[in-house]
$ cat upload.txt   # compact mmCIF, C-alpha atoms and all ligand atoms
# COMPACT_ATOMS: atom_id res chain seq x y z
CA MET X 224 112.58 57.05 143.90
CA ILE X 225 110.56 56.86 147.12
CA LEU X 226 106.81 56.77 146.90
CA PRO X 227 105.48 57.64 150.31
CA LYS X 228 101.95 57.74 148.95
CA TYR X 229 99.97 55.64 146.51
CA GLU X 230 102.51 52.83 146.32
CA LYS X 231 99.82 50.17 146.60
CA GLU X 232 97.56 51.99 144.12
CA LEU X 233 100.43 52.20 141.64
CA GLN X 234 101.35 48.54 142.08
CA ILE X 235 97.77 47.35 141.57
CA ALA X 236 97.23 49.72 138.63
CA GLN X 237 100.36 48.42 136.90
CA LEU X 238 99.49 44.76 137.47
CA ALA X 239 95.85 45.26 136.45
CA VAL X 240 96.92 46.92 133.19
CA GLN X 241 99.47 44.17 132.57
CA ARG X 242 96.88 41.43 133.09
CA ALA X 243 94.29 43.14 130.89
CA SER X 244 96.92 43.63 128.17
CA ILE X 245 97.47 39.86 128.01
CA LEU X 246 93.82 39.55 127.00
CA THR X 247 93.86 42.43 124.50
CA LYS X 248 97.01 41.03 122.87
CA ARG X 249 95.33 37.67 122.40
CA VAL X 250 92.38 39.30 120.66
CA PHE X 251 94.71 41.52 118.61
CA HIS X 252 96.61 38.54 117.26
CA GLU X 253 93.57 36.30 116.80
CA LYS X 254 92.12 38.96 114.59
CA ALA X 255 95.34 39.27 112.63
CA LYS X 256 95.14 35.51 112.02
CA GLY X 257 91.57 35.83 110.79
CA THR X 258 90.23 33.59 113.56
CA VAL X 259 87.70 36.10 114.88
CA ASP X 260 84.51 36.26 112.87
CA LYS X 261 83.94 39.79 111.64
CA ASN X 262 80.19 39.14 111.55
CA ASP X 263 80.42 38.48 115.24
CA LYS X 264 79.86 41.51 117.49
CA SER X 265 83.42 42.58 116.50
CA PRO X 266 86.71 41.66 118.14
CA VAL X 267 87.15 45.03 119.68
CA THR X 268 83.99 44.57 121.66
CA ILE X 269 85.31 41.31 123.00
CA GLY X 270 88.64 42.85 123.96
CA ASP X 271 87.07 45.93 125.49
CA PHE X 272 84.62 44.04 127.66
CA GLY X 273 87.12 41.42 128.77
CA ALA X 274 89.83 43.93 129.68
CA GLN X 275 87.34 46.12 131.55
CA ALA X 276 86.06 43.15 133.59
CA LEU X 277 89.59 42.11 134.57
CA ILE X 278 90.66 45.62 135.59
CA ILE X 279 87.51 46.23 137.63
CA ALA X 280 87.92 42.84 139.35
CA ALA X 281 91.41 43.87 140.49
CA LEU X 282 90.19 47.26 141.75
CA GLN X 283 87.16 45.76 143.47
CA HIS X 284 89.40 43.25 145.27
CA ASN X 285 91.87 45.86 146.52
CA PHE X 286 89.81 49.04 146.86
CA PRO X 287 86.19 47.94 147.28
CA ASP X 288 84.95 51.39 148.29
CA ASP X 289 86.41 53.29 145.34
CA ALA X 290 84.16 54.57 142.54
CA ILE X 291 84.88 53.64 138.93
CA VAL X 292 84.26 55.48 135.66
CA ALA X 293 84.79 53.04 132.80
CA GLU X 294 83.97 53.33 129.12
CA GLU X 295 81.95 50.17 128.54
CA GLU X 296 78.67 48.82 129.93
CA SER X 297 77.18 45.34 129.86
CA ALA X 298 73.87 45.96 128.03
CA LYS X 299 75.04 44.23 124.81
CA LEU X 300 76.31 41.21 126.74
CA LYS X 301 73.05 40.79 128.56
CA GLU X 302 71.12 40.40 125.31
CA ASP X 303 73.68 38.21 123.52
CA ALA X 304 74.61 34.90 125.15
CA ASN X 305 77.18 34.06 122.45
CA LEU X 306 79.02 37.30 122.93
CA ARG X 307 78.88 36.83 126.69
CA SER X 308 80.39 33.35 126.58
CA THR X 309 83.07 34.33 124.02
CA ILE X 310 84.23 37.03 126.40
CA TRP X 311 84.02 34.72 129.39
CA ASP X 312 86.24 32.17 127.59
CA LEU X 313 88.89 34.84 127.22
CA VAL X 314 88.52 36.29 130.71
CA LYS X 315 88.58 33.03 132.64
CA ASP X 316 91.89 31.97 131.06
CA THR X 317 93.70 35.27 131.44
CA LYS X 318 96.07 35.52 134.38
CA LEU X 319 99.50 36.85 135.24
CA ASP X 320 102.27 34.23 135.14
CA ASP X 321 103.54 35.28 138.54
CA PRO X 322 101.24 33.59 141.12
CA ALA X 323 102.01 36.19 143.80
CA ALA X 324 101.05 39.02 141.42
CA GLU X 325 97.91 37.18 140.32
CA ALA X 326 96.95 36.69 143.98
CA LEU X 327 97.37 40.43 144.60
CA LEU X 328 94.73 41.05 141.92
CA GLY X 329 92.35 38.62 143.63
CA GLY X 330 92.81 35.71 141.22
CA PRO X 331 90.18 34.68 138.67
CA ILE X 332 86.67 36.12 138.42
CA LYS X 333 84.17 33.67 139.97
CA ASP X 334 81.81 33.07 137.07
CA ILE X 335 80.20 34.59 133.99
CA ASP X 336 77.52 36.44 135.98
CA ALA X 337 80.13 37.99 138.23
CA MET X 338 81.99 39.14 135.10
CA VAL X 339 78.89 40.90 133.73
CA GLU X 340 78.25 42.55 137.09
CA LEU X 341 81.84 43.74 137.33
CA ILE X 342 81.61 45.46 133.94
CA ASP X 343 78.73 47.57 135.23
CA ARG X 344 80.65 48.67 138.31
CA GLY X 345 82.26 51.20 135.95
CA ASN X 346 79.10 53.30 135.84
CA SER X 347 80.02 56.00 138.37
CA PRO X 348 79.04 59.51 137.29
CA GLY X 349 82.50 60.74 138.35
CA GLY X 350 82.87 64.15 139.95
CA SER X 351 84.94 66.19 142.35
CA GLN X 352 84.65 64.10 145.51
CA GLY X 353 86.68 61.16 146.75
CA ARG X 354 88.55 58.33 145.05
CA ILE X 355 87.51 57.60 141.46
CA TRP X 356 89.28 55.34 138.96
CA ALA X 357 88.99 56.04 135.21
CA ILE X 358 89.32 53.05 132.85
CA ASP X 359 89.63 52.87 129.08
CA PRO X 360 90.06 49.12 128.52
CA ILE X 361 91.07 49.64 124.89
CA ASP X 362 91.77 53.19 123.80
CA GLY X 363 92.20 53.65 120.06
CA THR X 364 89.70 50.98 119.04
CA LYS X 365 90.22 51.80 115.38
CA GLY X 366 93.97 51.40 115.77
CA PHE X 367 93.41 48.07 117.49
CA LEU X 368 91.33 46.88 114.54
CA ARG X 369 93.73 47.99 111.84
CA GLY X 370 96.88 46.66 113.51
CA GLY X 371 98.02 50.04 114.81
CA GLN X 372 98.56 51.53 118.24
CA TYR X 373 96.16 51.13 121.14
CA ALA X 374 96.43 51.52 124.90
CA VAL X 375 95.00 50.01 128.09
CA CYS X 376 94.45 52.99 130.37
CA LEU X 377 93.89 53.35 134.09
CA ALA X 378 94.07 56.38 136.38
CA LEU X 379 93.15 57.21 139.96
CA MET X 380 91.66 60.62 140.68
CA ILE X 381 91.21 61.98 144.17
CA ASP X 382 88.87 64.93 144.54
CA GLY X 383 89.08 65.44 140.78
CA ASP X 384 92.88 65.47 140.62
CA VAL X 385 94.81 62.67 138.87
CA LYS X 386 97.20 61.04 141.38
CA VAL X 387 98.21 57.79 139.67
CA GLY X 388 98.29 56.78 136.02
CA ALA X 389 99.18 53.56 134.19
CA LEU X 390 99.20 53.16 130.43
CA GLY X 391 99.87 49.85 128.71
CA CYS X 392 100.90 50.24 125.05
CA PRO X 393 101.36 46.71 123.62
CA ASN X 394 102.46 47.92 120.17
CA LEU X 395 104.98 50.61 121.10
CA PRO X 396 108.69 49.69 121.24
CA ILE X 397 110.03 48.87 124.71
CA ASP X 398 113.06 51.00 123.93
CA ASP X 399 112.42 54.58 125.06
CA SER X 400 114.83 55.92 122.44
CA ALA X 401 113.09 54.23 119.50
CA ARG X 402 111.56 56.46 116.84
CA LEU X 403 107.85 57.21 116.75
CA THR X 404 105.92 54.32 115.34
CA THR X 405 102.40 53.91 114.10
CA GLY X 406 102.00 50.22 114.96
CA ILE X 407 103.59 46.78 114.79
CA GLY X 408 101.83 45.66 111.64
CA GLU X 409 99.44 42.78 111.32
CA ASN X 410 101.97 40.01 110.74
CA GLN X 411 104.72 41.09 113.10
CA THR X 412 105.40 39.50 116.45
CA ASP X 413 105.38 41.29 119.78
CA GLU X 414 109.15 40.99 120.14
CA GLY X 415 110.70 44.22 121.33
CA HIS X 416 107.25 45.75 121.79
CA GLY X 417 104.95 46.44 124.71
CA VAL X 418 105.65 49.24 127.15
CA LEU X 419 104.03 50.19 130.44
CA PHE X 420 104.13 53.88 131.36
CA SER X 421 103.28 54.93 134.89
CA ALA X 422 103.28 58.05 137.02
CA VAL X 423 102.47 59.22 140.51
CA GLN X 424 101.73 62.90 141.10
CA GLY X 425 104.87 64.64 142.33
CA HIS X 426 107.08 61.57 141.80
CA GLY X 427 107.82 61.53 138.08
CA ALA X 428 107.00 59.04 135.35
CA THR X 429 108.60 55.74 134.36
CA SER X 430 108.50 53.14 131.61
CA ARG X 431 109.16 49.41 131.69
CA ALA X 432 108.46 46.30 129.63
CA LEU X 433 104.74 45.55 129.66
CA ALA X 434 105.21 41.77 129.62
CA THR X 435 107.58 41.60 132.61
CA VAL X 436 105.76 41.43 135.92
CA ASN X 437 107.57 43.11 138.78
CA LEU X 438 105.96 43.51 142.18
CA ASP X 439 108.18 46.51 142.84
CA ALA X 440 106.07 49.44 141.63
CA GLU X 441 109.16 51.65 141.53
CA ALA X 442 111.21 49.39 139.25
CA GLY X 443 110.70 51.34 136.01
CA THR X 444 113.15 53.63 134.21
CA PRO X 445 112.48 57.36 134.70
CA ILE X 446 111.36 59.08 131.50
CA SER X 447 111.32 62.72 130.46
CA MET X 448 110.27 64.83 127.53
CA ARG X 449 112.90 66.02 125.08
CA ALA X 450 114.27 69.50 125.81
CA ILE X 451 113.62 71.38 122.57
CA ASP X 452 115.04 74.83 122.02
CA ASP X 453 114.17 74.96 118.32
CA LEU X 454 110.48 74.39 117.67
CA THR X 455 111.03 73.98 113.93
CA LYS X 456 112.62 70.60 114.72
CA ALA X 457 109.77 69.40 116.93
CA ASN X 458 107.83 66.23 116.15
CA PHE X 459 104.07 66.37 116.24
CA CYS X 460 101.75 63.47 117.12
CA GLU X 461 98.12 63.53 116.12
CA SER X 462 95.13 61.18 115.84
CA VAL X 463 94.85 58.87 112.86
CA GLU X 464 91.14 59.55 112.60
CA ALA X 465 90.37 62.97 111.08
CA GLY X 466 87.02 62.72 112.87
CA HIS X 467 88.77 62.89 116.26
CA SER X 468 91.19 65.78 115.61
CA SER X 469 91.37 68.22 112.72
CA HIS X 470 94.26 67.34 110.40
CA GLY X 471 93.84 70.58 108.45
CA ASP X 472 94.22 72.79 111.53
CA GLN X 473 97.19 70.68 112.67
CA ALA X 474 98.96 71.27 109.33
CA ALA X 475 98.34 75.03 109.52
CA ILE X 476 99.78 75.11 113.08
CA SER X 477 102.87 73.15 112.02
CA GLN X 478 103.41 75.59 109.19
CA LYS X 479 103.06 78.60 111.49
CA LEU X 480 105.73 77.12 113.79
CA GLY X 481 108.05 76.41 110.83
CA ILE X 482 107.82 72.63 111.20
CA THR X 483 108.48 70.82 107.95
CA GLU X 484 108.31 67.17 109.08
CA PRO X 485 104.84 65.68 108.61
CA SER X 486 103.14 64.83 111.90
CA VAL X 487 103.11 61.20 113.03
CA ARG X 488 99.59 59.82 113.15
CA MET X 489 99.08 57.38 115.95
CA ASP X 490 95.98 56.03 117.66
CA SER X 491 95.24 56.20 121.35
CA GLN X 492 97.01 57.53 124.45
CA ALA X 493 100.19 56.00 123.00
CA LYS X 494 100.58 59.62 121.80
CA TYR X 495 100.87 60.84 125.41
CA GLY X 496 103.32 58.05 126.29
CA SER X 497 105.42 58.73 123.19
CA ILE X 498 105.89 62.42 123.87
CA ALA X 499 106.46 61.77 127.59
CA ARG X 500 109.58 59.73 126.75
CA GLY X 501 110.80 62.12 124.07
CA ALA X 502 109.99 59.89 121.10
CA GLY X 503 107.85 62.79 119.92
CA ASP X 504 107.39 66.31 121.29
CA ILE X 505 103.91 67.70 120.91
CA TYR X 506 100.40 66.18 120.93
CA LEU X 507 97.55 68.27 119.60
CA ARG X 508 93.91 67.24 119.62
CA LEU X 509 92.05 69.91 117.70
CA PRO X 510 88.27 69.94 118.06
CA VAL X 511 86.36 68.82 115.01
CA SER X 512 82.88 69.37 116.38
CA ALA X 513 81.51 72.16 118.54
CA THR X 514 79.53 69.74 120.68
CA TYR X 515 81.84 66.74 121.28
CA GLN X 516 82.96 66.44 124.91
CA GLU X 517 86.22 64.54 125.47
CA LYS X 518 85.90 61.56 127.84
CA ILE X 519 87.95 61.51 131.03
CA TRP X 520 89.18 57.94 130.37
CA ASP X 521 90.73 59.09 127.06
CA HIS X 522 93.06 61.52 128.88
CA ALA X 523 93.47 60.98 132.64
CA ALA X 524 96.50 58.65 132.64
CA GLY X 525 98.21 60.40 129.71
CA ASP X 526 97.73 63.86 131.21
CA LEU X 527 99.55 62.86 134.43
CA ILE X 528 102.30 60.90 132.65
CA VAL X 529 103.14 63.87 130.40
CA ARG X 530 103.03 66.39 133.25
CA GLU X 531 105.28 64.17 135.39
CA SER X 532 107.74 63.97 132.48
CA GLY X 533 108.23 67.73 132.25
CA GLY X 534 105.28 68.58 130.07
CA HIS X 535 102.32 70.89 130.30
CA VAL X 536 98.84 69.80 129.21
CA THR X 537 95.99 72.24 128.57
CA ASP X 538 93.03 72.60 126.28
CA ILE X 539 93.04 75.02 123.32
CA HIS X 540 92.14 77.88 125.68
CA GLY X 541 95.21 77.22 127.84
CA LYS X 542 93.13 75.73 130.67
CA ARG X 543 94.32 72.59 132.50
CA LEU X 544 92.18 69.51 131.81
CA ASP X 545 89.47 69.38 134.49
CA PHE X 546 88.67 65.81 135.53
CA SER X 547 86.34 66.87 138.35
CA ILE X 548 83.17 67.59 136.37
CA GLY X 549 81.90 64.10 135.57
CA ARG X 550 82.49 61.42 132.93
CA THR X 551 83.48 64.03 130.35
CA LEU X 552 85.87 66.98 130.19
CA ALA X 553 82.84 69.26 129.87
CA GLY X 554 84.90 72.33 130.79
CA ASN X 555 87.60 71.82 128.15
CA LYS X 556 87.95 71.92 124.39
CA GLY X 557 90.72 69.97 122.65
CA VAL X 558 94.19 69.16 124.02
CA VAL X 559 97.59 70.86 123.69
CA ALA X 560 100.39 68.81 125.27
CA ALA X 561 104.00 70.01 124.95
CA PRO X 562 107.22 70.45 126.94
CA LEU X 563 106.63 73.15 129.56
CA ALA X 564 109.23 75.53 128.06
CA VAL X 565 107.58 75.69 124.62
CA HIS X 566 103.93 75.12 125.53
CA GLY X 567 103.16 78.86 125.48
CA LYS X 568 104.48 79.27 121.94
CA VAL X 569 102.60 76.21 120.69
CA LEU X 570 99.39 77.43 122.33
CA GLU X 571 99.81 80.83 120.66
CA ALA X 572 100.04 79.18 117.23
CA VAL X 573 97.04 76.96 118.04
CA GLN X 574 94.96 79.98 119.04
CA GLU X 575 95.97 81.99 115.97
CA VAL X 576 94.93 79.19 113.64
CA LEU X 577 91.71 78.44 115.52
CA SER X 578 90.86 82.09 116.22
CA ALA X 579 87.95 82.06 113.83
CA LYS X 580 86.39 79.22 115.86
CA LEU X 581 87.20 80.35 119.41
N1 LIG X 601 84.34 63.09 117.52
C1 LIG X 601 85.32 62.76 118.34
N2 LIG X 601 86.25 63.69 118.69
C2 LIG X 601 87.25 63.37 119.52
N3 LIG X 601 87.42 62.12 120.05
C3 LIG X 601 86.53 61.17 119.73
C4 LIG X 601 85.44 61.42 118.87
N4 LIG X 601 84.73 60.28 118.76
C5 LIG X 601 85.34 59.34 119.51
N5 LIG X 601 86.42 59.88 120.10
C6 LIG X 601 87.34 59.27 121.04
O1 LIG X 601 88.62 59.12 120.44
C7 LIG X 601 89.26 58.06 121.12
C8 LIG X 601 90.45 57.58 120.35
O2 LIG X 601 91.22 58.71 120.11
P1 LIG X 601 92.51 58.63 119.26
O3 LIG X 601 93.21 59.92 119.26
O4 LIG X 601 93.25 57.48 119.70
O5 LIG X 601 91.84 58.29 117.91
S1 LIG X 601 92.38 57.82 116.60
O6 LIG X 601 91.87 56.47 116.44
O7 LIG X 601 93.79 57.96 116.44
O8 LIG X 601 91.72 58.76 115.74
C9 LIG X 601 88.18 57.06 121.25
O9 LIG X 601 88.50 56.21 122.30
P2 LIG X 601 88.15 54.62 122.17
O10 LIG X 601 86.66 54.51 121.96
O11 LIG X 601 88.55 54.12 123.52
O12 LIG X 601 88.97 54.10 121.06
C10 LIG X 601 86.93 57.90 121.53
O13 LIG X 601 86.62 58.01 122.89
MG MG X 602 89.37 55.85 124.34
MG MG X 603 88.05 52.50 124.60
MG MG X 604 85.20 53.21 122.37
$ encode --input "upload.txt" --output "structure tokens"
Amino acid sequence: MILPKYEKELQIAQLAVQRASILTKRVFHEKAKGTVDKNDKSPVTIGDFGAQALIIAALQHNFPDDAIVAEEESAKLKEDANLRSTIWDLVKDTKLDDPAAEALLGGPIKDIDAMVELIDRGNSPGGSQGRIWAIDPIDGTKGFLRGGQYAVCLALMIDGDVKVGALGCPNLPIDDSARLTTGIGENQTDEGHGVLFSAVQGHGATSRALATVNLDAEAGTPISMRAIDDLTKANFCESVEAGHSSHGDQAAISQKLGITEPSVRMDSQAKYGSIARGAGDIYLRLPVSATYQEKIWDHAAGDLIVRESGGHVTDIHGKRLDFSIGRTLAGNKGVVAAPLAVHGKVLEAVQEVLSAKL
């Protein structure tokens, strides 16, 4: 595969996600060992802040003029010195094993104040102009806390269009042909787990082992969605949290399509990665509230990875996700992601079931 454009962006995105994942994995396993105090500001906060600081440091070093939309902000750190130094302890020790790769990311962050400042560089309002990165340092916080799936997510948008996406899923199997899985379990090791999905617009999507650093951005294995001719045999992925996607509507849609298998509940954009490599087929996110606006960092990387794997991604009205409005997908409602050939049929069933609410 030749990447005439965005090769550097893809390389830096992959390495930045890999470095941040080293930090999130440490927090994930510390928590599983009971070494992180639950009365503390919560381990997820530590992981989120640390991963966001490391990713922004890498972007700032390589693309200093680019804008950044990231989920977290530093207000809590500024008022809590303990929290700040706990995060700094994690951040200052986290680096890629490969010195050349680490140097490409700019090496370590200078000091604790620089770390706090970096976190707030993710405060861009987003929009339709120029180069904007979207970061979700830990997507699927609740999955992260309960030993389930989570993802480290990074995407580059240019003029509101997603060009590059990288998704680190530490708890998904490396093997693209493995069955759908909800997590690695609290006491399991990482062995065989940790996958990095990436995509460049117009150049397809790949997967590779998250823990193996490779300076060649094109070194991954191409992935594609499963070709399904019989929708009754399709596998559905949905959120674990009923508050994020309606389980009742999902069940009614499955029934309408003649699907008998229960849907696999999985946290985070691991759902997008899983369907992109054919481990599952369809991801539905069905609005629970009339007012909730989806965040761009929850979807940007996954949207591109699925579309570059032969999928189509729209909202429940059949409209493509619009990343050009700001920090939220203010122009969309819900998500319907499916192989291109069956997307229309799935959307029809979604609209029939939701018709009362549309
Ligand atoms: N009400 C509501 N509706 C829809 N989405 C919401 C809602 N509230 C929160 N969020 C966002 O959901 C993100 C995680 O989504 P998942 O599908 O991974 O969630 S789940 O944990 O499996 O339920 C989660 O991302 P993280 O905060 O990064 O975990 C939130 O941005
Ligand atoms: Mg998220
Ligand atoms: Mg998050
Ligand atoms: Mg969050």
$ residues_near_ligand --input "upload.txt" --ligand "ligand MG 604 (chain X)" --cutoff "7 Å" --atoms "all atoms listed in the file" --output "PyMOL selection string"
chain X and resi 294+362+364
$ closest_residue --input "upload.txt" --among "X:Val529, X:Ile291, X:Leu246, X:Ala357" --to "Asp312 (chain X)" --atoms "all atoms listed in the file"
X:Leu246
$ atom_distance --input "upload.txt" --atom1 "CA of Lys318 (chain X)" --atom2 "CA of Glu232 (chain X)"
19.2 Å
$ closest_residue --input "upload.txt" --among "X:Gly417, X:Gln424, X:Val576, X:Leu233" --to "Ala474 (chain X)" --atoms "all atoms listed in the file"
X:Val576
$ atom_distance --input "upload.txt" --atom1 "CA of Ala401 (chain X)" --atom2 "CA of Cys376 (chain X)"
21.6 Å
$ closest_residue --input "upload.txt" --among "X:Glu484, X:Asp538, X:Glu340, X:Glu441" --to "His426 (chain X)" --atoms "all atoms listed in the file"
X:Glu441
$ closest_residue --input "upload.txt" --among "X:Asp303, X:Asp316, X:Glu517, X:Glu531" --to "Ala243 (chain X)" --atoms "all atoms listed in the file"
X:Asp316
$ residues_near_ligand --input "upload.txt" --ligand "ligand LIG 601 (chain X)" --cutoff "10 Å" --atoms "all atoms listed in the file" --output "count of residues only"
60
$ closest_residue --input "upload.txt" --among "X:Arg431, X:His470, X:His540, X:Lys479" --to "His416 (chain X)" --atoms "only C-alpha atoms"
X:Arg431
$ closest_residue --input "upload.txt" --among "X:Ser400, X:Thr537, X:Gln275, X:Asn394" --to "Arg500 (chain X)" --atoms "all atoms listed in the file"
X:Ser400
$ residues_around --input "upload.txt" --residues "Arg307 (chain X)" --least-positions-apart "2" --cutoff "10 Å" --atoms "all atoms listed in the file" --output "number ranges by chain"
X: 269, 272-273, 297, 299-305, 309-312, 335-336, 338-339
$ axis_aligned_box --input "upload.txt" --around "region 469-481 of chain X" --padding-each-side "5 Å" --output "JSON"
{"center_x": 99.7, "center_y": 73.0, "center_z": 111.1, "size_x": 26.7, "size_y": 21.3, "size_z": 15.3}
$ residues_around --input "upload.txt" --residues "Ala280 (chain X)" --least-positions-apart "6" --cutoff "8 Å" --atoms "all atoms listed in the file" --output "PyMOL selection string"
chain X and resi 328-329+332+341
$ atom_distance --input "upload.txt" --atom1 "CA of Ala337 (chain X)" --atom2 "CA of Gly353 (chain X)"
25.5 Å
$ decode --input "upload.txt" --residues "region 386-401 of chain X" --atoms "N, CA and C atoms" --output "PDB file, in the first residue's frame"
ATOM      1  N   LYS X 386      -9.340  12.360   7.931  1.00  0.00           N
ATOM      2  CA  LYS X 386      -8.331  11.878   6.972  1.00  0.00           C
ATOM      3  C   LYS X 386      -7.524  10.712   7.516  1.00  0.00           C
ATOM      4  N   VAL X 387      -7.244  10.743   8.831  1.00  0.00           N
ATOM      5  CA  VAL X 387      -6.399   9.725   9.456  1.00  0.00           C
ATOM      6  C   VAL X 387      -7.048   9.306  10.773  1.00  0.00           C
ATOM      7  N   GLY X 388      -7.025   8.019  11.054  1.00  0.00           N
ATOM      8  CA  GLY X 388      -7.566   7.556  12.336  1.00  0.00           C
ATOM      9  C   GLY X 388      -6.692   6.462  12.926  1.00  0.00           C
ATOM     10  N   ALA X 389      -6.495   6.503  14.245  1.00  0.00           N
ATOM     11  CA  ALA X 389      -5.762   5.437  14.938  1.00  0.00           C
ATOM     12  C   ALA X 389      -6.522   5.099  16.216  1.00  0.00           C
ATOM     13  N   LEU X 390      -6.673   3.810  16.450  1.00  0.00           N
ATOM     14  CA  LEU X 390      -7.487   3.330  17.565  1.00  0.00           C
ATOM     15  C   LEU X 390      -6.720   2.221  18.270  1.00  0.00           C
ATOM     16  N   GLY X 391      -6.299   2.484  19.500  1.00  0.00           N
ATOM     17  CA  GLY X 391      -5.609   1.450  20.268  1.00  0.00           C
ATOM     18  C   GLY X 391      -6.601   0.746  21.183  1.00  0.00           C
ATOM     19  N   CYS X 392      -6.718  -0.571  21.042  1.00  0.00           N
ATOM     20  CA  CYS X 392      -7.663  -1.351  21.860  1.00  0.00           C
ATOM     21  C   CYS X 392      -6.875  -2.403  22.643  1.00  0.00           C
ATOM     22  N   PRO X 393      -6.391  -2.040  23.845  1.00  0.00           N
ATOM     23  CA  PRO X 393      -5.498  -2.930  24.603  1.00  0.00           C
ATOM     24  C   PRO X 393      -6.122  -4.269  24.986  1.00  0.00           C
ATOM     25  N   ASN X 394      -7.450  -4.340  25.070  1.00  0.00           N
ATOM     26  CA  ASN X 394      -8.081  -5.577  25.539  1.00  0.00           C
ATOM     27  C   ASN X 394      -8.774  -6.389  24.453  1.00  0.00           C
ATOM     28  N   LEU X 395      -8.596  -6.010  23.206  1.00  0.00           N
ATOM     29  CA  LEU X 395      -9.120  -6.844  22.113  1.00  0.00           C
ATOM     30  C   LEU X 395      -8.018  -7.817  21.690  1.00  0.00           C
ATOM     31  N   PRO X 396      -8.411  -9.016  21.199  1.00  0.00           N
ATOM     32  CA  PRO X 396      -7.400  -9.962  20.709  1.00  0.00           C
ATOM     33  C   PRO X 396      -6.610  -9.361  19.543  1.00  0.00           C
ATOM     34  N   ILE X 397      -5.322  -9.722  19.452  1.00  0.00           N
ATOM     35  CA  ILE X 397      -4.523  -9.278  18.304  1.00  0.00           C
ATOM     36  C   ILE X 397      -5.054  -9.935  17.033  1.00  0.00           C
ATOM     37  N   ASP X 398      -5.466 -11.167  17.170  1.00  0.00           N
ATOM     38  CA  ASP X 398      -5.919 -11.978  16.038  1.00  0.00           C
ATOM     39  C   ASP X 398      -7.218 -11.417  15.440  1.00  0.00           C
ATOM     40  N   ASP X 399      -7.149 -10.996  14.173  1.00  0.00           N
ATOM     41  CA  ASP X 399      -8.334 -10.408  13.535  1.00  0.00           C
ATOM     42  C   ASP X 399      -9.486 -11.402  13.414  1.00  0.00           C
ATOM     43  N   SER X 400      -9.176 -12.707  13.419  1.00  0.00           N
ATOM     44  CA  SER X 400     -10.250 -13.681  13.219  1.00  0.00           C
ATOM     45  C   SER X 400     -10.848 -14.170  14.543  1.00  0.00           C
ATOM     46  N   ALA X 401     -10.375 -13.610  15.657  1.00  0.00           N
ATOM     47  CA  ALA X 401     -10.921 -14.028  16.963  1.00  0.00           C
ATOM     48  C   ALA X 401     -12.374 -13.582  17.089  1.00  0.00           C
TER      49      ALA X 401
END
